[in-house]
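Enquirer: Below: one structure in structure tokens.
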Amino acid sequence: MSRIWNFSAGPAALPEEVLRQAQEEMLNWHGAGCSVMEMSHRGKEFMSILAQAEADLRELLGIPAGYTVLFLQGGATQQFAQIPMNLLAGRSADYIVTGSWSKKAFKEAQRIGNVRCAATTEGSGFTRLPTPAEIKLDPFAAYLHLCTNETIHGVEIPAKQIADTGVPLVVDMSSHILSGPINVEKFGLIYAGAQKNIGPSGLTLVIVRNELLGMAPLNIPTVMDYAVMAENGSMLNTPPTYAIYIAGLVFQWLKRQGGLLAIDAVNAEKARILYECIDGSAGFYHNPVDPDCRSRMNVPFTLARPELDATFLAESKAAGLMSLKGHKSVGGMRASIYNAVSLEGVQVLVDFMNDFAKRNG
Ligand SMILES: *Cc1c(COP(=O)(O)O)cnc(C)c1O
């Protein structure tokens with residue numbers, strides 16, 4: 001059986017090595033006589049899987065001791081509500097809106113409490129970052145929320161542009177966490193749904209500075225309280241055990257690739273060849289995003305002649321290149337080139353795109 005070249009935005013490609021290991025361990029995990037799905041989350045086998053996954057994640061990202069790692073459920077969407085529930089503490093928070101996901105986070109937070117839009121680039125079709133002059137920060141905000149990689153619009157905030165503003169930074173890194181090194185200490189809270197660049201859906205990672213724990217009012221549900229989840233080692237109730245196990249295998253795979261600096265170099269090269277193909281197509285393909293903030297993980301592009309979209313999709317599919325249809329809100333195409341999509345896979349896509357442009361240009 002041959003596997004597809006998978007450009008899905010999420011749930012997305014996983015490393016084949018990880019899937020093979022899971023297959024080998026499916027019926028009998030390390031002599032336990034059962035699969036990871038069938039074992040108690042409180043038994044020593046699963047506790048060791050969780051501890052190893054956390055240790056490997058801490059090593060990969062360089063997470064300092066003053067931060068807690070939570071393995072939660074509910075997706076990044078649940079975090080849109082859970083963050084203000086825990087961190088607002090009767091105050092206001094600032095949101096910078098750079099695409100669909102930060103817009104959703106802002107809207108959801110409005111249901112919970114008092115939040116402000118500190119800047120939005122919606123008027124520019126979410127194709128650029130706000131200029132410093134456009135950002136109106138509240139120095140007393142409980143936190144400042146950003147989405148550092150907008151999965152739909154393909155807008156990524158370069159790490160070096162994320163400056164300290166004096167209030168805790170809360171960031172949605174769902175679609176580019178682990179794509180390269182970050183300085184965790186810059187952030188008060190990092191969150192990510194797993195199904196883009198980590199593992200299966202059903203798991204949500206939250207990495208939170210310990211000082212931000214314990215601020216939640218008493219009337220929020222127990223399961224939504226970060227401090228309670230932290231005290232219970234993410235095991236107040238049953239965690240998403242199988243998703244944690246697969247995420248742990250992905251962390252080990254990342255370490256075998258040489259860690260985040262090594263994967264960063266591969267990701268840079270993948271993005272370089274794909275944008276070069278788009279920009280070098282004499283207008284046949286077009287990516288509208290300001291080159292200073294183009295995403296390295298999600299590359300949306302349109303065809304100058306949209307009447308060719310259906311042919312592009314049919315022919316790419318026939319060539320084994322899957323899930324290239326763009327999000328309905330932006331149209332056109334999108335190639336998501338997460339860690340598990342190899343340079344070879346992106347090269348196959350680029351060769352197809354060059355050939356398609358030649359035949360139809
Ligand atoms: C996919 C995505 C979400 C939503 O994730 P769910 O796990 O489906 O709730 C939120 N933010 C970003 C940046 C995403 O890519």
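Labels used: A, B, ... for chains in the order of the structure tokens, numbers from 1 for residues in each chain, and numbers from 1 for ligands as shown.
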Listing only residues of chain A within 6 Å of ligand 1, what is the closest atom pair and its distance in Å (to one decimal) for each, using only C-alpha atoms and all ligand atoms, sorted by chain and residue number ascending, as CSV?
Expert:
residue,atom,partner,partner_atom_place_in_ligand_line,distance
A:Gly75,CA,ligand 1,7 (O),3.3
A:Ala76,CA,ligand 1,9 (O),3.9
A:Thr77,CA,ligand 1,9 (O),3.6
A:Trp101,CA,ligand 1,11 (N),5.0
A:Asn149,CA,ligand 1,13 (C),5.9
A:Glu150,CA,ligand 1,13 (C),5.3
A:Thr151,CA,ligand 1,15 (O),4.7
A:Asp172,CA,ligand 1,13 (C),5.7
A:Ser174,CA,ligand 1,13 (C),4.7
A:Ser175,CA,ligand 1,15 (O),4.7
A:Gly193,CA,ligand 1,7 (O),4.4
Enquirer: How about saving the chosen residues, all heavy atoms kept, as a PDB file, in the first residue's frame?
Expert:
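Okay, this is what ended up in result_22.pdb:
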ATOM      1  N   GLY A  75      -9.649  20.795  22.669  1.00  0.00           N
ATOM      2  CA  GLY A  75      -9.108  21.521  21.529  1.00  0.00           C
ATOM      3  C   GLY A  75      -8.704  22.948  21.872  1.00  0.00           C
ATOM      4  O   GLY A  75      -8.960  23.448  22.971  1.00  0.00           O
ATOM      5  N   ALA A  76      -8.083  23.596  20.893  1.00  0.00           N
ATOM      6  CA  ALA A  76      -7.715  24.999  21.074  1.00  0.00           C
ATOM      7  C   ALA A  76      -8.972  25.839  21.275  1.00  0.00           C
ATOM      8  O   ALA A  76      -8.956  26.850  21.990  1.00  0.00           O
ATOM      9  CB  ALA A  76      -6.919  25.486  19.871  1.00  0.00           C
ATOM     10  N   THR A  77     -10.069  25.400  20.692  1.00  0.00           N
ATOM     11  CA  THR A  77     -11.326  26.152  20.811  1.00  0.00           C
ATOM     12  C   THR A  77     -11.780  26.229  22.268  1.00  0.00           C
ATOM     13  O   THR A  77     -12.285  27.267  22.704  1.00  0.00           O
ATOM     14  CB  THR A  77     -12.410  25.483  19.942  1.00  0.00           C
ATOM     15  OG1 THR A  77     -11.917  25.431  18.606  1.00  0.00           O
ATOM     16  CG2 THR A  77     -13.709  26.255  19.978  1.00  0.00           C
ATOM     17  N   TRP A 101      -8.380  32.640  13.306  1.00  0.00           N
ATOM     18  CA  TRP A 101      -8.308  31.977  14.616  1.00  0.00           C
ATOM     19  C   TRP A 101      -8.218  32.975  15.753  1.00  0.00           C
ATOM     20  O   TRP A 101      -8.897  32.836  16.771  1.00  0.00           O
ATOM     21  CB  TRP A 101      -7.161  30.967  14.651  1.00  0.00           C
ATOM     22  CG  TRP A 101      -7.499  29.763  13.820  1.00  0.00           C
ATOM     23  CD1 TRP A 101      -6.870  29.365  12.681  1.00  0.00           C
ATOM     24  CD2 TRP A 101      -8.571  28.817  14.036  1.00  0.00           C
ATOM     25  NE1 TRP A 101      -7.481  28.243  12.172  1.00  0.00           N
ATOM     26  CE2 TRP A 101      -8.514  27.879  12.977  1.00  0.00           C
ATOM     27  CE3 TRP A 101      -9.561  28.673  15.007  1.00  0.00           C
ATOM     28  CZ2 TRP A 101      -9.418  26.819  12.872  1.00  0.00           C
ATOM     29  CZ3 TRP A 101     -10.463  27.611  14.900  1.00  0.00           C
ATOM     30  CH2 TRP A 101     -10.383  26.705  13.850  1.00  0.00           C
ATOM     31  N   ASN A 149       0.576  31.699  14.592  1.00  0.00           N
ATOM     32  CA  ASN A 149       0.502  31.186  13.214  1.00  0.00           C
ATOM     33  C   ASN A 149      -0.958  30.994  12.836  1.00  0.00           C
ATOM     34  O   ASN A 149      -1.637  30.117  13.370  1.00  0.00           O
ATOM     35  CB  ASN A 149       1.268  29.870  13.058  1.00  0.00           C
ATOM     36  CG  ASN A 149       1.346  29.434  11.602  1.00  0.00           C
ATOM     37  OD1 ASN A 149       1.938  30.115  10.767  1.00  0.00           O
ATOM     38  ND2 ASN A 149       0.721  28.307  11.271  1.00  0.00           N
ATOM     39  N   GLU A 150      -1.416  31.835  11.919  1.00  0.00           N
ATOM     40  CA  GLU A 150      -2.806  31.773  11.465  1.00  0.00           C
ATOM     41  C   GLU A 150      -2.895  30.715  10.353  1.00  0.00           C
ATOM     42  O   GLU A 150      -2.491  30.940   9.217  1.00  0.00           O
ATOM     43  CB  GLU A 150      -3.265  33.143  10.957  1.00  0.00           C
ATOM     44  CG  GLU A 150      -3.449  34.171  12.078  1.00  0.00           C
ATOM     45  CD  GLU A 150      -4.740  33.977  12.880  1.00  0.00           C
ATOM     46  OE1 GLU A 150      -5.521  33.051  12.554  1.00  0.00           O
ATOM     47  OE2 GLU A 150      -4.964  34.756  13.830  1.00  0.00           O
ATOM     48  N   THR A 151      -3.490  29.589  10.730  1.00  0.00           N
ATOM     49  CA  THR A 151      -3.525  28.395   9.887  1.00  0.00           C
ATOM     50  C   THR A 151      -4.285  28.625   8.581  1.00  0.00           C
ATOM     51  O   THR A 151      -3.969  28.026   7.553  1.00  0.00           O
ATOM     52  CB  THR A 151      -4.220  27.279  10.699  1.00  0.00           C
ATOM     53  OG1 THR A 151      -3.752  27.358  12.047  1.00  0.00           O
ATOM     54  CG2 THR A 151      -3.937  25.908  10.135  1.00  0.00           C
ATOM     55  N   ASP A 172      -1.637  31.286  20.926  1.00  0.00           N
ATOM     56  CA  ASP A 172      -2.154  30.095  20.244  1.00  0.00           C
ATOM     57  C   ASP A 172      -1.096  29.664  19.233  1.00  0.00           C
ATOM     58  O   ASP A 172      -0.894  30.322  18.222  1.00  0.00           O
ATOM     59  CB  ASP A 172      -3.477  30.452  19.545  1.00  0.00           C
ATOM     60  CG  ASP A 172      -4.097  29.267  18.817  1.00  0.00           C
ATOM     61  OD1 ASP A 172      -3.460  28.191  18.753  1.00  0.00           O
ATOM     62  OD2 ASP A 172      -5.234  29.424  18.310  1.00  0.00           O
ATOM     63  N   SER A 174      -1.134  26.535  17.905  1.00  0.00           N
ATOM     64  CA  SER A 174      -1.638  25.237  17.442  1.00  0.00           C
ATOM     65  C   SER A 174      -0.954  24.724  16.183  1.00  0.00           C
ATOM     66  O   SER A 174      -0.661  23.542  16.078  1.00  0.00           O
ATOM     67  CB  SER A 174      -3.144  25.332  17.154  1.00  0.00           C
ATOM     68  OG  SER A 174      -3.856  25.540  18.347  1.00  0.00           O
ATOM     69  N   SER A 175      -0.743  25.606  15.213  1.00  0.00           N
ATOM     70  CA  SER A 175      -0.288  25.091  13.920  1.00  0.00           C
ATOM     71  C   SER A 175       1.195  25.304  13.648  1.00  0.00           C
ATOM     72  O   SER A 175       1.646  25.033  12.542  1.00  0.00           O
ATOM     73  CB  SER A 175      -1.139  25.697  12.802  1.00  0.00           C
ATOM     74  OG  SER A 175      -1.232  27.092  12.949  1.00  0.00           O
ATOM     75  N   GLY A 193      -3.716  22.861  20.050  1.00  0.00           N
ATOM     76  CA  GLY A 193      -4.393  21.602  19.754  1.00  0.00           C
ATOM     77  C   GLY A 193      -3.363  20.692  19.091  1.00  0.00           C
ATOM     78  O   GLY A 193      -2.517  21.162  18.332  1.00  0.00           O
TER      79      GLY A 193
END
Enquirer: Determine, counting only C-alpha atoms, which protein, DNA and RNA residues have an atom within 10 Å of an atom of stretch 273-283 of chain A; residues of the same chain fewer than 3 positions away are not included. Present the result as an MDAnalysis selection string.
Expert: chainID A and resid 268:270 286:287 291 294 296 299:305 335 337 343 346:347 349:351 353:354 357:358 361
Enquirer: Taking only C-alpha atoms into account, which of A:Asn360, A:Ser323, A:Thr148, A:Asn114 comes nearest A:Glu307?
Expert: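 That would be A:Asn360, the residue with the smallest distance to A:Glu307.
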Enquirer: Report as an MDAnalysis selection string all protein, DNA and RNA residues lying within 12 Å of A:Lys317, evaluated on only C-alpha atoms, omitting residues in the same chain fewer than 3 positions from it.
Expert: chainID A and resid 4:7 310:314 320:325 349 352
Enquirer: Residues within 12 Å of A:Ala119, please, as a list in words. Count only C-alpha atoms; anything in the same chain fewer than 4 positions from it doesn't count.
Expert: Asp94, Tyr95, Ile96, Val97, Thr98, Gly99, Ser102, Lys103, Phe106, Gly123, Phe126, Arg128, Leu129, Pro130, Thr131, Pro132, Ala133, Glu134, Ile135, Lys136, Leu137, Asp138, Leu144, His145 and Leu146 of chain A
Enquirer: What parts of stretch 152-212 of chain A does DSSP call helix (DSSP H, G or I)? I'd like the answer as a ChimeraX atom specification.
Expert: /A:159-161,184-186,210-212
Enquirer: When distances are computed from only C-alpha atoms, which of A:His176, A:Lys196, A:Arg334, A:Arg256 shows the smallest separation from A:Asp309?
Expert: A:Arg334
Enquirer: Check the smallest atom-to-atom distance from each of A:Arg116, A:Arg42, A:Lys104, A:Arg272 to A:Cys147 using only C-alpha atoms, then report the winner.
Expert: A:Lys104
Enquirer: Could you find all residues in stretch 121-314 of chain A that DSSP calls strand (DSSP E) from the backbone, and write them as a PyMOL selection string?
Expert: chain A and resi 144-147+149-150+155-156+169-172+189-193+204-209+285-286+298-303
Enquirer: Of the residues A:Tyr67, A:Asp264, A:Gly258, A:Leu50, which is the one nearest to A:Glu185, using only C-alpha atoms?
Expert: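 Ranking A:Tyr67, A:Asp264, A:Gly258, A:Leu50 by distance to A:Glu185, first place goes to A:Tyr67.
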Enquirer: Write out as a PyMOL selection string which residues come within 8 Å of A:Ala247 when counting only C-alpha atoms, dropping same-chain ones fewer than 5 positions away.
Expert: chain A and resi 53+194+198-200
Enquirer: Pick the closest to A:Tyr245 from A:Gln161, A:Gln52, A:Ser179, A:Ser40: which is it, counting only C-alpha atoms?
Expert: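 The shortest atom-to-atom distance to A:Tyr245 comes from A:Gln52.
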Enquirer: Neighbours of A:Ser92 within 6 Å (only C-alpha atoms; same-chain residues fewer than 6 positions away dropped), as a list in words?
Expert: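 Returned residues: Asn114, Val115, Ala141 and Ala142 of chain A.
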Enquirer: For A:Ile63, which residue among A:Ala118, A:Ala230, A:Ile190, A:Val341 is the nearest when counting only C-alpha atoms?
Expert: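 For A:Ile63, the nearest of the candidates is A:Ile190.
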Enquirer: Grab the atom CA of A:Gly125 to atom CA of A:Ser100 distance for me, in Å with one decimal place.
Expert: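 So the answer is 10.2 Å.
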Enquirer: Rounded to one decimal in Å, what is the spacing between atom CA of A:Asn197 and atom CA of A:Pro11?
Expert: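 Atom CA of A:Pro11 lies at a distance of 8.9 Å from atom CA of A:Asn197.
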